$ cat final_10.cif   # mmCIF, C-alpha atoms
data_structure
#
loop_
_atom_site.label_atom_id
_atom_site.label_comp_id
_atom_site.auth_asym_id
_atom_site.auth_seq_id
_atom_site.Cartn_x
_atom_site.Cartn_y
_atom_site.Cartn_z
CA MET A 1 -26.89 23.59 -3.14
CA ASN A 2 -26.52 19.80 -2.98
CA GLN A 3 -24.12 18.21 -5.39
CA THR A 4 -23.79 14.53 -6.14
CA GLN A 5 -20.59 13.05 -7.49
CA VAL A 6 -21.32 10.77 -10.40
CA VAL A 7 -18.76 8.04 -10.95
CA GLU A 8 -18.88 6.28 -14.29
CA ALA A 9 -18.76 2.50 -14.34
CA ASP A 10 -15.24 1.06 -14.35
CA GLN A 11 -13.73 4.37 -13.17
CA LEU A 12 -11.05 4.02 -10.52
CA VAL A 13 -11.42 6.18 -7.40
CA LEU A 14 -8.54 6.69 -4.98
CA ARG A 15 -9.48 8.16 -1.58
CA ARG A 16 -8.60 8.22 2.11
CA ALA A 17 -9.64 5.11 3.99
CA GLY A 18 -11.75 5.14 7.12
CA ASP A 19 -13.92 3.04 9.37
CA ALA A 20 -16.60 2.71 6.68
CA ASP A 21 -14.10 0.74 4.53
CA VAL A 22 -13.56 -2.13 6.96
CA GLU A 23 -16.14 -4.45 5.40
CA SER A 24 -15.16 -3.78 1.77
CA LEU A 25 -11.43 -4.08 2.48
CA SER A 26 -12.05 -7.29 4.38
CA GLY A 27 -13.95 -8.61 1.35
CA MET A 28 -11.06 -7.75 -0.98
CA LEU A 29 -8.56 -9.50 1.29
CA ASP A 30 -10.85 -12.51 1.72
CA GLY A 31 -10.99 -12.93 -2.07
CA MET A 32 -7.23 -12.79 -2.60
CA PRO A 33 -4.98 -15.82 -3.06
CA ASP A 34 -3.14 -16.94 0.07
CA PHE A 35 0.22 -16.36 -1.62
CA SER A 36 -0.58 -12.69 -2.34
CA LEU A 37 -1.68 -12.19 1.25
CA TYR A 38 1.49 -13.80 2.52
CA MET A 39 3.64 -11.54 0.31
CA ARG A 40 1.97 -8.49 1.92
CA PHE A 41 1.62 -9.58 5.54
CA GLN A 42 4.37 -12.23 5.89
CA THR A 43 1.95 -14.41 7.85
CA ALA A 44 -1.45 -16.02 7.47
CA ILE A 45 -4.18 -13.49 8.21
CA GLY A 46 -7.16 -15.82 8.06
CA LYS A 47 -10.18 -15.81 5.83
CA PRO A 48 -12.03 -13.70 6.48
CA PRO A 49 -9.24 -11.59 8.00
CA ARG A 50 -9.52 -10.74 11.68
CA PRO A 51 -11.51 -7.52 12.20
CA ALA A 52 -8.75 -6.07 14.43
CA LEU A 53 -6.25 -6.41 11.56
CA VAL A 54 -8.52 -4.71 9.03
CA GLN A 55 -9.27 -1.93 11.52
CA GLN A 56 -5.53 -1.24 11.85
CA LEU A 57 -5.22 -1.13 8.07
CA VAL A 58 -7.86 1.58 7.68
CA CYS A 59 -6.76 3.55 10.76
CA PRO A 60 -2.96 3.13 11.15
CA ASN A 61 -0.69 5.46 13.16
CA GLY A 62 -0.25 7.38 9.90
CA ALA A 63 -2.83 7.34 7.11
CA ALA A 64 -4.40 4.91 4.63
CA TRP A 65 -6.01 4.97 1.18
CA VAL A 66 -8.28 2.64 -0.74
CA ALA A 67 -8.79 2.36 -4.46
CA GLU A 68 -12.28 1.47 -5.63
CA ARG A 69 -13.65 0.31 -8.93
CA ASP A 70 -17.42 -0.02 -9.23
CA ARG A 71 -17.65 0.76 -5.50
CA GLU A 72 -15.51 -2.29 -4.61
CA VAL A 73 -12.14 -1.91 -2.90
CA VAL A 74 -9.38 -3.13 -5.25
CA GLY A 75 -6.34 -1.69 -3.49
CA HIS A 76 -5.04 -0.46 -0.15
CA ALA A 77 -1.99 1.63 0.69
CA MET A 78 -0.83 3.10 3.96
CA TRP A 79 2.00 4.70 5.81
CA ALA A 80 2.78 4.28 9.50
CA TRP A 81 5.41 5.78 11.75
CA VAL A 82 8.40 3.57 12.55
CA ASN A 83 8.95 3.72 16.30
CA GLY A 84 12.48 4.33 17.53
CA ALA A 85 13.92 5.52 14.20
CA ALA A 86 16.78 8.04 14.41
CA VAL A 87 15.03 10.29 11.85
CA PRO A 88 11.27 10.54 11.22
CA THR A 89 10.60 7.38 9.20
CA ALA A 90 7.37 6.16 7.65
CA GLU A 91 6.83 2.58 6.56
CA LEU A 92 4.94 2.31 3.27
CA ALA A 93 2.74 -0.73 2.61
CA LEU A 94 0.50 -1.76 -0.24
CA ILE A 95 -1.76 -4.53 -1.50
CA VAL A 96 -3.57 -4.57 -4.84
CA ALA A 97 -6.19 -7.07 -6.02
CA GLU A 98 -4.90 -9.50 -8.65
CA PRO A 99 -6.88 -8.12 -11.65
CA GLU A 100 -5.63 -4.58 -10.89
CA GLN A 101 -1.93 -5.43 -10.68
CA ARG A 102 0.63 -4.26 -13.23
CA ARG A 103 -1.44 -1.20 -14.20
CA GLY A 104 0.37 1.45 -12.14
CA LEU A 105 -2.18 1.51 -9.33
CA GLY A 106 0.39 0.51 -6.70
CA VAL A 107 2.76 3.34 -7.56
CA ARG A 108 -0.14 5.80 -7.69
CA MET A 109 -1.27 4.72 -4.22
CA LEU A 110 2.26 4.77 -2.77
CA THR A 111 2.71 8.27 -4.18
CA ALA A 112 -0.41 9.50 -2.37
CA ALA A 113 0.78 7.90 0.87
CA ALA A 114 4.30 9.32 0.49
CA HIS A 115 3.03 12.87 -0.15
CA ASP A 116 0.96 12.68 3.02
CA ALA A 117 3.79 11.20 5.09
CA ILE A 118 6.19 13.95 3.97
CA ALA A 119 3.59 16.58 4.83
CA SER A 120 3.39 14.96 8.27
CA GLY A 121 7.17 15.18 8.73
CA ALA A 122 8.64 11.95 7.33
CA ALA A 123 12.28 12.32 6.26
CA GLN A 124 12.61 8.80 4.88
CA PHE A 125 10.62 5.71 4.02
CA VAL A 126 11.00 2.03 4.72
CA VAL A 127 9.53 -0.51 2.31
CA MET A 128 9.63 -4.11 3.52
CA VAL A 129 9.57 -6.69 0.74
CA SER A 130 9.74 -10.47 0.82
CA ALA A 131 12.90 -11.70 -0.89
CA MET A 132 10.53 -13.95 -2.92
CA ASN A 133 8.38 -11.08 -4.20
CA ASP A 134 10.06 -10.55 -7.56
CA ARG A 135 7.47 -8.07 -8.90
CA VAL A 136 7.78 -5.66 -5.99
CA LEU A 137 11.56 -6.07 -5.76
CA ARG A 138 11.86 -5.11 -9.44
CA MET A 139 9.57 -2.12 -8.92
CA VAL A 140 11.53 -0.84 -5.92
CA ARG A 141 14.91 -1.34 -7.56
CA ARG A 142 13.78 0.25 -10.84
CA ARG A 143 12.08 3.28 -9.31
CA TRP A 144 14.48 3.89 -6.41
CA PRO A 145 17.92 2.60 -7.46
CA THR A 146 19.62 4.55 -4.66
CA ALA A 147 17.54 2.87 -1.94
CA THR A 148 19.65 0.95 0.54
CA ALA A 149 18.56 -2.57 1.43
CA GLU A 150 19.09 -4.48 4.63
CA ARG A 151 18.23 -8.14 4.88
CA GLU A 152 16.16 -9.27 7.85
CA GLY A 153 15.41 -12.97 7.53
CA ALA A 154 13.11 -13.44 4.54
CA LEU A 155 12.63 -9.68 4.14
CA LEU A 156 14.56 -6.95 2.39
CA ASN A 157 14.02 -3.62 4.11
CA PHE A 158 14.59 -0.77 1.67
CA THR A 159 15.28 2.72 3.01
CA ILE A 160 14.43 5.57 0.66
CA PRO A 161 15.19 9.18 1.59
CA ALA A 162 12.08 11.31 1.17
CA ALA A 163 14.06 13.62 -1.13
CA ASP A 164 14.69 10.68 -3.50
CA PHE A 165 11.21 9.16 -3.41
CA PHE A 166 9.64 11.24 -6.17
CA ALA A 167 12.71 11.16 -8.41
CA GLY A 168 11.81 7.59 -9.40
CA VAL A 169 8.04 7.98 -9.58
CA SER A 170 6.58 8.99 -12.90
#

$ encode --input "final_10.cif" --output "structure tokens"
Amino acid sequence: MNQTQVVEADQLVLRRAGDADVESLSGMLDGMPDFSLYMRFQTAIGKPPRPALVQQLVCPNGAAWVAERDREVVGHAMWAWVNGAAVPTAELALIVAEPEQRRGLGVRMLTAAAHDAIASGAAQFVVMVSAMNDRVLRMVRRRWPTATAEREGALLNFTIPAADFFAGVS
């Protein structure tokens, strides 16, 4: 029996990313303001972004997710192993299109990534945030008040024990 999934207009779909998402994710990034891209990547990524960069986003050394609305990518989240960490550590990263921000999508996507990273053996998370990114700094500090922060140039690197991650996520 063949079944077709029907997705109503304006419905948000969160799913694992893969090679088929390269073009749509590239389009989302290409349409974002330079400042938003800099807050996520801490460097210029070009417009359109380099294909090698987008390929690493959909196929990291962990796992990645995209959020779609009307079959267009509006968000990306991922986790990747931190090499050389004393305990199994996954870096979490996220970018959400401007119209989708401040609606809880980022936390929803980070939660999916964190669940997967824990299932893969992560004992803690690192979230790297620009010291200028007030929105994300507030989110991290509000949701994970016990996270430790270490300054590295213009970045604040928050470490969140996996056991504490879901305590702050509603």

$ closest_residue --input "final_10.cif" --among "A:Gly27, A:Pro145, A:Pro88, A:Pro161" --to "Val54 of chain A" --atoms "only C-alpha atoms"
A:Gly27

$ residues_around --input "final_10.cif" --residues "Val127 of chain A" --least-positions-apart "6" --cutoff "9 Å" --atoms "only C-alpha atoms" --output "count of residues only"
10

$ atom_distance --input "final_10.cif" --atom1 "atom CA of Ala67 of chain A" --atom2 "atom CA of Leu12 of chain A"
6.7 Å

$ resolve_selection --input "final_10.cif" --expression "the PyMOL selection byres ((chain A and resi 74) around 8)" --output "mmCIF file with C-alpha atoms, in the coordinates of the input"
data_model
loop_
_atom_site.group_PDB
_atom_site.id
_atom_site.type_symbol
_atom_site.label_atom_id
_atom_site.label_comp_id
_atom_site.auth_asym_id
_atom_site.auth_seq_id
_atom_site.Cartn_x
_atom_site.Cartn_y
_atom_site.Cartn_z
ATOM 1 C CA MET A 28 -11.060 -7.750 -0.980
ATOM 2 C CA VAL A 66 -8.280 2.640 -0.740
ATOM 3 C CA ALA A 67 -8.790 2.360 -4.460
ATOM 4 C CA GLU A 68 -12.280 1.470 -5.630
ATOM 5 C CA ARG A 69 -13.650 0.310 -8.930
ATOM 6 C CA GLU A 72 -15.510 -2.290 -4.610
ATOM 7 C CA VAL A 73 -12.140 -1.910 -2.900
ATOM 8 C CA GLY A 75 -6.340 -1.690 -3.490
ATOM 9 C CA HIS A 76 -5.040 -0.460 -0.150
ATOM 10 C CA VAL A 96 -3.570 -4.570 -4.840
ATOM 11 C CA ALA A 97 -6.190 -7.070 -6.020
ATOM 12 C CA GLU A 100 -5.630 -4.580 -10.890
#

$ closest_residue --input "final_10.cif" --among "A:Arg71, A:Gln55, A:His115, A:Ala154" --to "Thr43 of chain A" --atoms "only C-alpha atoms"
A:Ala154

$ atom_distance --input "final_10.cif" --atom1 "atom CA of Leu155 of chain A" --atom2 "atom CA of Arg135 of chain A"
14.1 Å

$ resolve_selection --input "final_10.cif" --expression "the PyMOL selection byres ((chain A and resi 63) around 6)" --output "ChimeraX atom specification"
/A:60,62,64,78-79

$ closest_residue --input "final_10.cif" --among "A:Phe166, A:Ala85, A:Leu137, A:Val58" --to "Asp21 of chain A" --atoms "only C-alpha atoms"
A:Val58
